[in-house]
$ cat start_37.cif   # mmCIF, C-alpha atoms
data_my_file
loop_
_atom_site.label_atom_id
_atom_site.label_comp_id
_atom_site.auth_asym_id
_atom_site.auth_seq_id
_atom_site.Cartn_x
_atom_site.Cartn_y
_atom_site.Cartn_z
CA MET A 1 157.67 89.68 87.25
CA ARG A 2 158.90 92.48 89.50
CA ASP A 3 157.22 95.85 89.14
CA HIS A 4 160.38 97.65 88.06
CA ASP A 5 160.78 95.21 85.14
CA LEU A 6 157.55 96.47 83.57
CA PRO A 7 157.49 99.21 80.93
CA ALA A 8 156.74 102.62 82.40
CA ARG A 9 153.41 102.86 80.57
CA GLU A 10 152.19 99.72 82.36
CA ARG A 11 153.18 101.09 85.78
CA ARG A 12 151.52 104.44 85.34
CA THR A 13 147.88 105.33 84.99
CA ARG A 14 146.35 108.74 84.71
CA GLY A 15 145.98 110.48 88.06
CA LYS A 16 147.41 107.68 90.23
CA ARG A 17 150.54 105.65 90.85
CA ARG A 18 150.83 101.98 91.72
CA PHE A 19 153.18 99.90 93.81
CA ASP A 20 151.86 96.69 92.29
CA ASP A 21 148.57 95.20 91.12
CA ASP A 22 147.27 94.94 94.69
CA GLU A 23 147.76 98.61 95.53
CA GLN A 24 144.97 100.25 93.53
CA LEU A 25 142.60 100.89 96.43
CA PHE A 26 145.40 102.19 98.61
CA LEU A 27 146.55 104.74 96.06
CA LYS A 28 143.03 105.77 95.02
CA ARG A 29 142.26 106.84 98.57
CA GLY A 30 141.35 110.51 98.85
CA ARG A 31 143.27 113.05 100.87
CA ALA A 32 142.78 113.20 104.61
CA ALA A 33 140.59 115.96 105.95
CA GLU A 34 142.46 119.24 106.19
CA PRO A 35 143.10 120.23 109.81
CA ALA A 36 142.24 123.69 111.05
CA LEU A 37 145.15 126.10 111.20
CA ALA A 38 144.33 127.57 114.57
CA ASP A 39 144.82 125.51 117.71
CA PRO A 40 143.76 127.76 120.61
CA ASP A 41 143.36 124.97 123.18
CA ALA A 42 146.79 123.40 122.68
CA GLU A 43 148.59 125.14 125.57
CA PRO A 44 149.00 122.92 128.67
CA ASP A 45 147.86 123.91 132.17
CA PRO A 46 150.76 126.04 133.53
CA ASP A 47 150.42 124.45 137.00
CA THR A 48 150.27 120.76 136.10
CA GLY A 49 151.72 120.64 132.58
CA GLU A 50 148.65 118.64 131.56
CA ARG A 51 146.00 119.20 128.94
CA TRP A 52 143.06 117.12 127.88
CA SER A 53 143.86 114.75 125.05
CA SER A 54 143.18 116.41 121.70
CA TRP A 55 142.38 113.07 120.07
CA ASP A 56 138.67 113.83 119.75
CA ASP A 57 138.98 116.76 117.33
CA ALA A 58 142.16 115.77 115.47
CA VAL A 59 142.66 113.95 112.17
CA HIS A 60 143.72 110.40 113.10
CA GLY A 61 146.39 108.10 111.74
CA PRO A 62 145.81 104.89 109.76
CA GLN A 63 143.68 102.09 111.15
CA PRO A 64 143.96 99.73 112.84
CA HIS A 65 145.51 101.93 115.49
CA PRO A 66 148.48 100.30 117.26
CA GLU A 67 147.64 98.62 120.56
CA TRP A 68 150.02 100.87 122.46
CA LEU A 69 148.22 104.05 121.42
CA VAL A 70 145.95 105.66 124.02
CA THR A 71 142.78 106.91 122.33
CA GLU A 72 140.47 107.29 125.34
CA LEU A 73 138.86 110.72 125.57
CA ALA A 74 139.49 110.72 129.35
CA ALA A 75 143.24 110.78 128.71
CA LYS A 76 145.46 113.73 129.52
CA ASP A 77 148.67 114.84 127.84
CA THR A 78 151.62 115.87 129.99
CA GLU A 79 154.58 117.85 128.65
CA LEU A 80 157.88 116.16 129.54
CA GLY A 81 160.37 118.37 127.73
CA VAL A 82 161.86 119.23 124.35
CA LEU A 83 163.40 116.52 122.19
CA LYS A 84 164.60 118.74 119.35
CA THR A 85 164.51 122.35 118.23
CA GLY A 86 164.72 123.50 114.65
CA LYS A 87 164.16 126.43 112.30
CA GLU A 88 160.74 125.19 111.19
CA ALA A 89 159.46 123.19 114.15
CA ASP A 90 160.19 122.01 117.67
CA VAL A 91 159.60 118.43 118.83
CA HIS A 92 158.31 117.88 122.37
CA LEU A 93 158.02 114.70 124.42
CA VAL A 94 154.46 114.12 125.65
CA ARG A 95 153.00 111.39 127.84
CA ARG A 96 149.34 110.57 127.09
CA ALA A 97 147.76 108.70 129.99
CA VAL A 98 144.34 107.86 131.42
CA PRO A 99 144.31 109.03 135.07
CA GLY A 100 143.85 106.24 137.59
CA THR A 101 144.86 103.50 135.13
CA ASP A 102 148.05 102.01 133.72
CA ARG A 103 147.12 103.12 130.19
CA SER A 104 149.80 105.47 128.88
CA CYS A 105 152.12 106.04 125.94
CA LEU A 106 154.88 108.42 124.93
CA LEU A 107 154.39 110.64 121.89
CA ALA A 108 156.55 113.07 119.97
CA ALA A 109 154.65 116.31 119.36
CA LYS A 110 156.06 118.21 116.39
CA ARG A 111 154.90 121.83 116.48
CA TYR A 112 155.50 124.00 113.47
CA ARG A 113 156.50 127.60 114.01
CA ASP A 114 153.76 130.21 114.36
CA PRO A 115 153.43 133.09 111.87
CA GLN A 116 155.66 135.39 113.93
CA HIS A 117 158.70 133.21 113.26
CA ARG A 118 160.72 132.85 110.09
CA LEU A 119 159.38 129.83 108.28
CA PHE A 120 160.81 127.38 105.80
CA HIS A 121 163.81 129.11 104.35
CA ARG A 122 163.73 126.89 101.25
CA ASP A 123 160.02 126.27 100.90
CA ALA A 124 159.46 127.73 97.41
CA GLY A 125 160.88 124.75 95.52
CA TYR A 126 159.17 122.18 97.73
CA LEU A 127 155.77 123.84 97.36
CA GLU A 128 155.81 123.54 93.58
CA GLY A 129 153.14 121.08 92.55
CA ARG A 130 151.11 121.72 95.72
CA ARG A 131 148.06 123.91 95.47
CA VAL A 132 145.13 124.89 97.63
CA ARG A 133 141.75 125.44 96.07
CA ARG A 134 141.05 129.06 97.02
CA SER A 135 142.85 131.89 95.22
CA ARG A 136 142.99 134.03 98.40
CA GLU A 137 145.06 131.38 100.15
CA ASN A 138 147.31 130.97 97.13
CA ARG A 139 147.96 134.73 96.99
CA ALA A 140 148.65 134.87 100.73
CA MET A 141 151.10 131.98 100.53
CA ALA A 142 152.87 133.49 97.53
CA GLY A 143 153.15 136.85 99.26
CA ARG A 144 154.25 135.36 102.61
CA THR A 145 151.72 137.41 104.55
CA ALA A 146 151.17 136.45 108.20
CA PHE A 147 148.11 134.47 107.16
CA GLY A 148 150.03 132.98 104.25
CA ARG A 149 152.86 131.84 106.51
CA GLN A 150 150.35 130.15 108.79
CA MET A 151 148.83 128.49 105.73
CA ILE A 152 152.28 127.20 104.77
CA ALA A 153 152.85 125.86 108.29
CA GLY A 154 149.50 124.09 108.13
CA GLN A 155 150.37 122.69 104.73
CA TRP A 156 153.68 121.33 106.02
CA ALA A 157 151.98 119.61 108.98
CA ALA A 158 149.25 118.15 106.76
CA ALA A 159 151.75 117.10 104.08
CA GLU A 160 154.00 115.33 106.58
CA PHE A 161 151.02 113.60 108.18
CA ALA A 162 149.71 112.43 104.79
CA ALA A 163 153.14 111.16 103.72
CA LEU A 164 153.69 109.31 106.98
CA ALA A 165 150.22 107.75 106.87
CA ARG A 166 150.76 106.55 103.32
CA LEU A 167 154.22 105.16 104.01
CA TRP A 168 153.14 103.59 107.31
CA GLU A 169 150.53 101.51 105.51
CA VAL A 170 153.03 100.43 102.86
CA GLY A 171 155.59 99.52 105.51
CA ALA A 172 153.04 97.66 107.59
CA ARG A 173 152.04 95.66 104.54
CA TYR A 174 155.43 94.95 103.00
CA GLY A 175 158.00 95.71 105.68
CA THR A 176 160.22 97.60 103.22
CA ILE A 177 160.01 101.06 104.78
CA THR A 178 159.84 102.22 108.39
CA VAL A 179 158.45 105.56 109.58
CA PRO A 180 157.03 106.66 112.94
CA TYR A 181 153.33 105.97 113.30
CA PRO A 182 151.47 109.26 112.62
CA VAL A 183 149.10 109.49 115.59
CA GLN A 184 147.21 112.65 114.69
CA VAL A 185 147.42 116.12 113.19
CA ARG A 186 145.64 119.15 114.61
CA GLY A 187 146.36 122.61 113.34
CA THR A 188 150.11 122.97 113.05
CA GLU A 189 150.82 120.23 115.60
CA LEU A 190 151.68 116.72 114.41
CA MET A 191 151.80 113.95 117.02
CA LEU A 192 153.93 110.89 116.25
CA GLU A 193 155.00 107.63 117.76
CA PHE A 194 157.97 108.16 120.05
CA LEU A 195 160.91 106.03 118.99
CA GLY A 196 163.46 105.42 121.71
CA ASP A 197 163.83 104.26 125.29
CA GLN A 198 160.32 104.20 126.73
CA ASP A 199 161.53 104.15 130.35
CA GLU A 200 164.11 106.92 130.10
CA GLY A 201 162.40 108.98 127.40
CA LEU A 202 165.59 109.04 125.32
CA ALA A 203 165.03 109.31 121.59
CA ALA A 204 166.56 106.80 119.18
CA PRO A 205 169.90 108.01 117.79
CA ARG A 206 170.22 109.63 114.40
CA LEU A 207 172.29 107.80 111.81
CA ALA A 208 174.80 110.66 111.89
CA GLN A 209 175.54 109.92 115.55
CA LEU A 210 176.53 106.29 114.94
CA ARG A 211 179.75 104.58 113.89
CA PRO A 212 178.43 101.30 112.49
CA THR A 213 180.61 98.29 111.77
CA ALA A 214 181.16 97.23 108.17
CA GLY A 215 178.37 94.66 108.45
CA GLU A 216 175.97 97.09 110.07
CA LEU A 217 176.79 99.71 107.46
CA ARG A 218 175.97 97.35 104.60
CA GLU A 219 172.71 96.30 106.30
CA LEU A 220 171.62 99.90 106.87
CA TRP A 221 172.46 100.82 103.28
CA GLY A 222 170.33 97.94 102.03
CA GLN A 223 167.42 99.10 104.19
CA LEU A 224 167.81 102.64 102.86
CA VAL A 225 167.83 101.53 99.24
CA ASP A 226 164.67 99.47 99.83
CA ALA A 227 162.97 102.49 101.42
CA LEU A 228 163.96 104.82 98.59
CA VAL A 229 162.65 102.34 96.01
CA VAL A 230 159.28 102.29 97.78
CA LEU A 231 159.20 106.09 97.81
CA ALA A 232 160.06 106.23 94.11
CA ARG A 233 157.36 103.73 93.19
CA ALA A 234 154.91 106.06 94.92
CA GLY A 235 156.29 108.93 92.82
CA LEU A 236 157.90 110.54 95.88
CA ALA A 237 161.28 111.72 97.08
CA HIS A 238 162.10 112.64 100.68
CA GLY A 239 163.34 116.04 99.54
CA ASP A 240 165.77 116.73 102.39
CA LEU A 241 167.32 113.36 103.10
CA SER A 242 170.47 113.20 105.20
CA PRO A 243 171.95 111.11 108.05
CA TYR A 244 170.41 113.67 110.40
CA ASN A 245 166.82 112.75 109.53
CA LEU A 246 167.31 109.01 109.63
CA LEU A 247 166.93 107.27 112.98
CA VAL A 248 168.19 103.81 113.90
CA HIS A 249 165.76 102.08 116.25
CA ALA A 250 166.02 98.41 117.21
CA GLY A 251 168.27 97.77 114.23
CA ARG A 252 165.89 99.39 111.76
CA LEU A 253 166.46 102.53 109.73
CA VAL A 254 163.56 104.97 110.24
CA LEU A 255 162.77 107.91 107.95
CA ILE A 256 161.74 111.09 109.75
CA ASP A 257 161.17 114.77 108.92
CA LEU A 258 159.00 114.41 105.85
CA PRO A 259 157.10 117.72 105.59
CA GLN A 260 158.86 118.61 102.34
CA VAL A 261 158.19 115.28 100.64
CA VAL A 262 158.33 115.92 96.90
CA ASP A 263 156.14 114.59 94.12
CA VAL A 264 158.85 113.82 91.60
CA VAL A 265 156.33 113.87 88.72
CA ALA A 266 154.26 116.98 89.52
CA ASN A 267 157.17 119.06 90.79
CA PRO A 268 159.44 120.27 87.95
CA GLN A 269 162.42 120.03 90.29
CA GLY A 270 161.45 116.56 91.52
CA PRO A 271 164.27 114.61 89.82
CA GLU A 272 166.83 117.12 91.15
CA PHE A 273 165.52 116.71 94.72
CA LEU A 274 165.70 112.93 94.34
CA ALA A 275 169.25 113.07 92.98
CA ARG A 276 170.34 115.34 95.83
CA ASP A 277 168.84 112.97 98.42
CA VAL A 278 170.84 110.10 96.97
CA ARG A 279 174.05 112.09 96.68
CA VAL A 280 173.95 113.24 100.32
CA VAL A 281 173.34 109.82 101.86
CA ALA A 282 175.67 107.98 99.46
CA THR A 283 178.46 110.39 100.39
CA TRP A 284 177.92 109.69 104.09
CA PHE A 285 177.92 105.91 103.65
CA ALA A 286 181.00 106.02 101.41
CA GLY A 287 182.74 108.19 103.97
CA ARG A 288 182.08 105.54 106.62
CA GLY A 289 183.68 102.82 104.51
CA LEU A 290 180.92 101.39 102.28
CA PRO A 291 182.55 100.43 98.95
CA ALA A 292 182.00 102.99 96.20
CA THR A 293 180.58 100.24 93.99
CA ASP A 294 177.72 99.84 96.50
CA ALA A 295 177.19 103.53 97.33
CA ASP A 296 177.12 104.68 93.70
CA PRO A 297 174.84 107.75 93.60
CA GLY A 298 174.54 107.77 89.82
CA ALA A 299 173.42 104.14 89.62
CA LEU A 300 170.95 104.50 92.50
CA THR A 301 169.48 107.73 91.10
CA ALA A 302 168.95 106.07 87.72
CA LEU A 303 167.24 103.11 89.41
CA LEU A 304 164.91 105.37 91.40
CA LEU A 305 163.97 107.45 88.36
CA ARG A 306 163.09 104.23 86.52
CA GLU A 307 160.96 103.11 89.49
CA ALA A 308 159.19 106.47 89.40
CA GLY A 309 158.46 105.98 85.70
CA LEU A 310 160.62 108.92 84.63
CA ARG A 311 163.07 106.91 82.51
#

$ encode --input "start_37.cif" --output "structure tokens"
Amino acid sequence: MRDHDLPARERRTRGKRRFDDDEQLFLKRGRAAEPALADPDAEPDPDTGERWSSWDDAVHGPQPHPEWLVTELAAKDTELGVLKTGKEADVHLVRRAVPGTDRSCLLAAKRYRDPQHRLFHRDAGYLEGRRVRRSRENRAMAGRTAFGRQMIAGQWAAAEFAALARLWEVGARYGTITVPYPVQVRGTELMLEFLGDQDEGLAAPRLAQLRPTAGELRELWGQLVDALVVLARAGLAHGDLSPYNLLVHAGRLVLIDLPQVVDVVANPQGPEFLARDVRVVATWFAGRGLPATDADPGALTALLLREAGLR
């Protein structure tokens, strides 16, 4: 029997959510260690553009680490340029290599804005359901003090890292969802697998940039529905889903930009975030020619709410 055929009470247990009967240990896993907010050693050498690899004192991604990932402490990181700029964070291209060897890999370094910049213009709704343990930090975040804004930036980096780590393990196990491998998080910097042309350093295109054929459109929609079902079974919604934060790499749809991932159960606005995600992407697919019977936002939203145990 498929999981979504079970009554909601059999798919939900107090304090945890389950994908299926084999997922208990995965979902019982505790939170990753919280990274420090400050990152004073992150600036590269102004002459060479290099810095020592920060792998040693960062929080690492899921094991086993991919074979392509350079984890040697003798490695150096070299800044190669900016891949993307945004209101909340900039994404830089970094090459991590061991000098004198052929060991190297490309990484995408996502750096959240420092406290002097305007942060997260819509963060209040996303932060509902998230709490830190100390009342001083809660007051600072609520008041948007300089320290509080840095706390929020650190929370976004940690939240995106945790979401990616969780979804990476699910995707690796079941192949139903694809996200970049979360390499590490350190302070407000999140380092990810670079998806794109490894030789040219060109990032994979966003879905919004493409004009897929009818067959490709139907295939990508199917991949998206599968991914959203996995998110819903985990009690999550992307929270800001659009064709601009979906990549297409080697024929696979890849979810990116997950700092605002929403717990649809703990967050009072969770179902609304989920419904908005569906509406935005369904509108795009329908506008590209997918039949309305396939890209039906109402039907998909109802399915996802059932998978999340909310109906």

$ resolve_selection --input "start_37.cif" --expression "the PyMOL selection byres ((chain A and resi 296) around 9)" --output "PyMOL selection string"
chain A and resi 278-279+282-283+286+291-295+297-301

$ closest_residue --input "start_37.cif" --among "A:Arg113, A:Asp199, A:Phe285, A:Arg166" --to "Thr85 of chain A" --atoms "all atoms listed in the file"
A:Arg113

$ closest_residue --input "start_37.cif" --among "A:Leu107, A:Val91, A:Leu290, A:Ala157" --to "Ala214 of chain A" --atoms "only C-alpha atoms"
A:Leu290

$ atom_distance --input "start_37.cif" --atom1 "atom CA of Gly201 of chain A" --atom2 "atom CA of Gly86 of chain A"
19.5 Å

$ atom_distance --input "start_37.cif" --atom1 "atom CA of Gln260 of chain A" --atom2 "atom CA of Gly235 of chain A"
13.8 Å

$ resolve_selection --input "start_37.cif" --expression "the PyMOL selection byres ((chain A and resi 98) around 12)" --output "list in words"
Glu50, Arg51, Trp52, Ser53, Leu69, Val70, Thr71, Glu72, Leu73, Ala74, Ala75, Lys76, Asp77, Thr78, Arg95, Arg96, Ala97, Pro99, Gly100, Thr101, Asp102, Arg103, Ser104 and Cys105 of chain A

$ atom_distance --input "start_37.cif" --atom1 "atom CA of Ala89 of chain A" --atom2 "atom CA of His249 of chain A"
22.1 Å

$ resolve_selection --input "start_37.cif" --expression "the PyMOL selection byres ((chain A and resi 259) around 9)" --output "PyMOL selection string"
chain A and resi 155-161+163+238-239+257-258+260-262

$ closest_residue --input "start_37.cif" --among "A:Gly287, A:Gly49, A:Gly61, A:Gly175" --to "Met191 of chain A" --atoms "all atoms listed in the file"
A:Gly61
